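See below for the structure under consideration.
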Amino acid sequence: MTPASSVLLLTTLTGFGYGLLAWAGLLAAFGLLPPAPLFVPVTVVVALAFASGGLMASTLHLGHPERAWRAFTQWRSSWLSREGVASLTTFPPALVFAALWWAAGPHAIATRAFGLLAACLGLVTVGCTAMIYASLKPIRQWHNPHTLPDYLLYAVFSGATLLAAVWALWFGAAEMLAAAALITALIAAGAKFAYWRFIDTQKPLVTLASATGLTAFGTARPLDRPHFTENYILREMGYQVARKHAAKLRRIAIGLAFFVPALLALLAAFGMAPAVTATAASLIALAGLLVERWLFFAEATHVATIYYGR
Amino acid sequence: MTSLPQPMPGAKKLGLVIDLDTCVGCHACAVNCKEWNTGGHYAPLPDYDPYGKKPDGVWFNRIHSYETQCGSSSRTVNFPRSCLHCEQPQCVTVCPTGASYKRAEDGIVLVNTDICIGCKLCSWACPYGAREFDEDQGVMKKCTLCIDRIYNEALPEAEREPACVATCPARARHFGDLGDPNSHVSQLVAERGGVGLMPELGYAPVNRYLPPRKATISAKPLDRPATGGNALLRLLDKVLSR
């Protein structure tokens, strides 16, 4: 599948935004955040800024962005529609959570309840995003049990690095969150390795013979193409760059997305320039997760390209 | 609504039956489809760089040719590919706007291009590569089964069939109601063992393909010409074999 930059930004930035919101909301619900009156309002603004950035980027690849509001109507059947509904539904409770923290105080029951609600809705949105891909039967690298937990894990990891950065910049130290970022980075890296092992050993979904109904005639191979230039299907789904450089790109993705941020989080956890190391960890994780997401698309093969022998 | 309509007992399932035995791979169906539809329901069908080095554009039919091999016998099979108007079309259910829909009355899968946002997700959900995006209008387009011909009372009754069927010089394409076991298309499928494509994915396509007939004359590999005996022929064979 050809990676569209708008979709890479959507899935990565909303992961950071809703991941951050999930951490802030959950920690607030259990009374684990420092009681500074402006800490949660600022954190929520940062989280919603990331999420809005992603959501706005996603409208850029639409043929008709002015009709985007129509995408909120078909939540009964469409994961894309559910993602849209869930992403917007998260905003009001998140803003109420921030306002209550400032007005009613960190320990008010309402503050904690809205924190928990915002956290859950944020994770539900990430889950809907994952299901858009996990539900597509023609793409075996997406339609499998890895996609949903992986997207949630990457959001939790990126949210942890971001909250550690905000925390360290604010208070000058963030040992516990840096440790959380380190642990989630290692779990996420493990999940990525497991995913790659899974897709590398997967069998193709169909054969050219079953795609053409010619199973009774032995094996089939393409002879003449229907057209000699590319068409929409080949441009959109016949992407072949990643398959050529897969091994190298995987090393870059896993290093930038998880291992380098894990190392920086380790330094932050031991109090070594935490403001610098924690911020660097989240920025490098952002770059790395963009590469990881690019590979998620570029390595995905669509079954329709079998008609072209690809 | 992008939820699928409840299947009504006895409802029509309009579709195509394509005979891979008689298809000669002439592309007439693709050309006539393009010609009709560029003035029809989804008009115009765009062409990008039509007279340049990389012509490209939206077509609802694509004609492939494949070679099958079984032991020493091989054959060429021409294979027209278009929308199969599936009974479980994921292209419809993934649509976030309600632009993609399946008609309850005849099973035709259509796009309402007035509300399509051009997110392309439906084309990702189709394993048959049947939907093509119109870059000029920013909306998705697909085969309509010539909905503007088959119900068109301005046309003589004999012409109320899809453009691809009407034009096929080999009569390899048939149009009818595959929900009615007594229709001529259902009988053709029963008689010739018609198949649906990629049954393992569960889209339950309506269109059927009739497999090529088995060869009735078994072709034996040619024997090498005998070269023994005549000295002149042996010499000739030696010279020519160099």
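In the structure tokens, the first chain shown is A, the next is B, and so on; residue numbers restart at 1 for each chain, and ligands run from 1 in the order shown.
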
Find the residues of range 90-159 of chain B that sit at most 12 Å from range 226-247 of chain A; for each, write down the nearest two atoms and how far apart they are in Å, to one decimal. Count only C-alpha atoms. Sort by chain, then by number going up, and give it as a tab-separated table.
```
residue	atom	partner	partner_atom	distance
B:Lys120	CA	A:Glu236	CA	9.4
B:Leu121	CA	A:Glu236	CA	11.0
B:Ser123	CA	A:Ile233	CA	8.3
B:Trp124	CA	A:Met237	CA	8.1
B:Ala125	CA	A:Met237	CA	11.4
B:Cys126	CA	A:Ile233	CA	10.6
B:Pro127	CA	A:Ile233	CA	10.7
B:Tyr128	CA	A:Ile233	CA	9.9
B:Gly129	CA	A:Ile233	CA	6.3
B:Ala130	CA	A:Ile233	CA	8.5
B:Arg131	CA	A:Ile233	CA	8.1
B:Glu132	CA	A:Tyr232	CA	5.9
B:Phe133	CA	A:Tyr232	CA	6.6
B:Asp134	CA	A:Tyr232	CA	8.8
B:Glu135	CA	A:Tyr232	CA	9.3
B:Met140	CA	A:Tyr232	CA	10.7
B:Lys141	CA	A:Tyr232	CA	11.2
```

Quick one: which residues from chain A are at most 6 Å off chain B, using only C-alpha atoms, as an MDAnalysis selection string? chainID A and resid 62:64 67 70:71 73:74 77:78 80:81 136 138 210:213 218:226 229 231:232 303:304

Please report as a Markdown table every residue of range 189-208 of chain A lying within 10 Å of range 151-157 of chain A, along with the nearest atom pair and their distance in Å (one decimal), using only C-alpha atoms.
```
| residue | atom | partner | partner_atom | distance |
| --- | --- | --- | --- | --- |
| A:Ala189 | CA | A:Tyr154 | CA | 9.2 |
| A:Ala191 | CA | A:Leu153 | CA | 8.3 |
| A:Lys192 | CA | A:Tyr154 | CA | 9.6 |
```

Near-range 5-19 of chain A list (7 Å; only C-alpha atoms; drop same-chain fewer than 2 positions) as a list in words: Pro3, Leu21, Ala22, Trp23, Ala47, Leu48, Phe50, Ala51, Gly53, Gly54, Leu55, Ala57, Ser58, Leu60, His61, Gly122, Leu123, Val126, Tyr154, Ala155, Val156, Ser158, Gly159, Leu289, Leu290, Arg293 and Trp294 of chain A

For the selection you just gave me, I'd like the residues written to a file as an mmCIF file, in the first residue's frame, keeping C-alpha atoms.
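Listed below is the output, part18.cif:
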```cif
data_model
loop_
_atom_site.group_PDB
_atom_site.id
_atom_site.type_symbol
_atom_site.label_atom_id
_atom_site.label_comp_id
_atom_site.auth_asym_id
_atom_site.auth_seq_id
_atom_site.Cartn_x
_atom_site.Cartn_y
_atom_site.Cartn_z
ATOM 1 C CA PRO A 3 1.932 5.405 2.316
ATOM 2 C CA LEU A 21 -4.453 12.140 27.450
ATOM 3 C CA ALA A 22 -4.788 8.516 28.590
ATOM 4 C CA TRP A 23 -1.754 8.801 30.889
ATOM 5 C CA ALA A 47 -2.664 16.317 23.959
ATOM 6 C CA LEU A 48 -5.569 17.849 22.070
ATOM 7 C CA PHE A 50 -1.440 16.644 18.805
ATOM 8 C CA ALA A 51 -4.804 14.941 18.200
ATOM 9 C CA GLY A 53 -3.037 18.111 14.186
ATOM 10 C CA GLY A 54 -3.469 14.480 13.209
ATOM 11 C CA LEU A 55 -7.172 14.814 12.504
ATOM 12 C CA ALA A 57 -3.810 16.199 8.451
ATOM 13 C CA SER A 58 -6.139 13.289 7.693
ATOM 14 C CA LEU A 60 -5.734 16.566 3.410
ATOM 15 C CA HIS A 61 -5.859 13.336 1.391
ATOM 16 C CA GLY A 122 -8.808 8.544 23.975
ATOM 17 C CA LEU A 123 -7.856 4.866 23.954
ATOM 18 C CA VAL A 126 -6.896 4.798 18.991
ATOM 19 C CA TYR A 154 2.405 2.498 20.446
ATOM 20 C CA ALA A 155 -0.086 5.123 21.675
ATOM 21 C CA VAL A 156 0.595 4.223 25.313
ATOM 22 C CA SER A 158 4.285 7.630 22.796
ATOM 23 C CA GLY A 159 1.975 9.147 25.429
ATOM 24 C CA LEU A 289 7.067 6.069 14.786
ATOM 25 C CA LEU A 290 6.578 7.960 11.499
ATOM 26 C CA ARG A 293 4.022 3.764 10.277
ATOM 27 C CA TRP A 294 5.482 4.319 6.802
#
```

Just the residues within 7 Å of Ala278 in chain A, please, counting only C-alpha atoms, with nothing from its chain fewer than 5 positions along; format it as an MDAnalysis selection string. chainID A and resid 161 164:165 168 264:265 268

Would you list the contacts of range 172-184 of chain B as a ChimeraX atom specification, taking every protein, DNA or RNA residue within 9 Å and counting only C-alpha atoms, but skipping same-chain residues closer than 4 positions in sequence? /B:10-24,29,106,161-162,164-166,168,188-190,206-208

Output file for the selection above: C-alpha atoms, as a PDB file, in the first residue's frame:
```pdb
ATOM      1  CA  GLY B  10     -36.710 -13.907  -4.000  1.00  0.00           C
ATOM      2  CA  ALA B  11     -34.953 -10.543  -4.508  1.00  0.00           C
ATOM      3  CA  LYS B  12     -33.108 -10.085  -7.773  1.00  0.00           C
ATOM      4  CA  LYS B  13     -29.329 -10.510  -7.859  1.00  0.00           C
ATOM      5  CA  LEU B  14     -28.338  -8.899 -11.114  1.00  0.00           C
ATOM      6  CA  GLY B  15     -24.904  -9.797 -12.366  1.00  0.00           C
ATOM      7  CA  LEU B  16     -22.700 -10.978 -15.181  1.00  0.00           C
ATOM      8  CA  VAL B  17     -21.644 -14.424 -16.280  1.00  0.00           C
ATOM      9  CA  ILE B  18     -18.382 -14.364 -18.215  1.00  0.00           C
ATOM     10  CA  ASP B  19     -17.363 -17.286 -20.379  1.00  0.00           C
ATOM     11  CA  LEU B  20     -13.588 -17.752 -20.200  1.00  0.00           C
ATOM     12  CA  ASP B  21     -13.862 -20.421 -22.903  1.00  0.00           C
ATOM     13  CA  THR B  22     -15.045 -18.058 -25.602  1.00  0.00           C
ATOM     14  CA  CYS B  23     -13.518 -14.735 -24.478  1.00  0.00           C
ATOM     15  CA  VAL B  24     -10.982 -13.793 -27.147  1.00  0.00           C
ATOM     16  CA  CYS B  29     -16.151  -4.773 -23.505  1.00  0.00           C
ATOM     17  CA  ASP B 106     -31.450  -5.821  -7.436  1.00  0.00           C
ATOM     18  CA  GLU B 161     -28.281  -4.793 -21.114  1.00  0.00           C
ATOM     19  CA  PRO B 162     -24.852  -3.591 -19.944  1.00  0.00           C
ATOM     20  CA  CYS B 164     -19.977  -4.727 -22.149  1.00  0.00           C
ATOM     21  CA  VAL B 165     -22.528  -7.488 -22.790  1.00  0.00           C
ATOM     22  CA  ALA B 166     -24.104  -5.751 -25.778  1.00  0.00           C
ATOM     23  CA  CYS B 168     -19.046  -8.635 -26.938  1.00  0.00           C
ATOM     24  CA  LEU B 188     -25.496 -21.449 -17.757  1.00  0.00           C
ATOM     25  CA  VAL B 189     -23.681 -21.437 -14.417  1.00  0.00           C
ATOM     26  CA  ALA B 190     -25.222 -24.779 -13.437  1.00  0.00           C
ATOM     27  CA  VAL B 206     -22.610 -12.471  -7.582  1.00  0.00           C
ATOM     28  CA  ASN B 207     -20.807 -12.521 -10.944  1.00  0.00           C
ATOM     29  CA  ARG B 208     -19.732 -15.949 -12.150  1.00  0.00           C
TER      30      ARG B 208
END
```

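Interatomic distance, CA of Leu182 in chain A to CA of Thr279 in chain A: 13.5 Å.
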
List every residue of range 17-236 of chain B that DSSP, applied to the backbone of this structure, assigns to strand (DSSP E or B), and report them as a count of residues only. 46
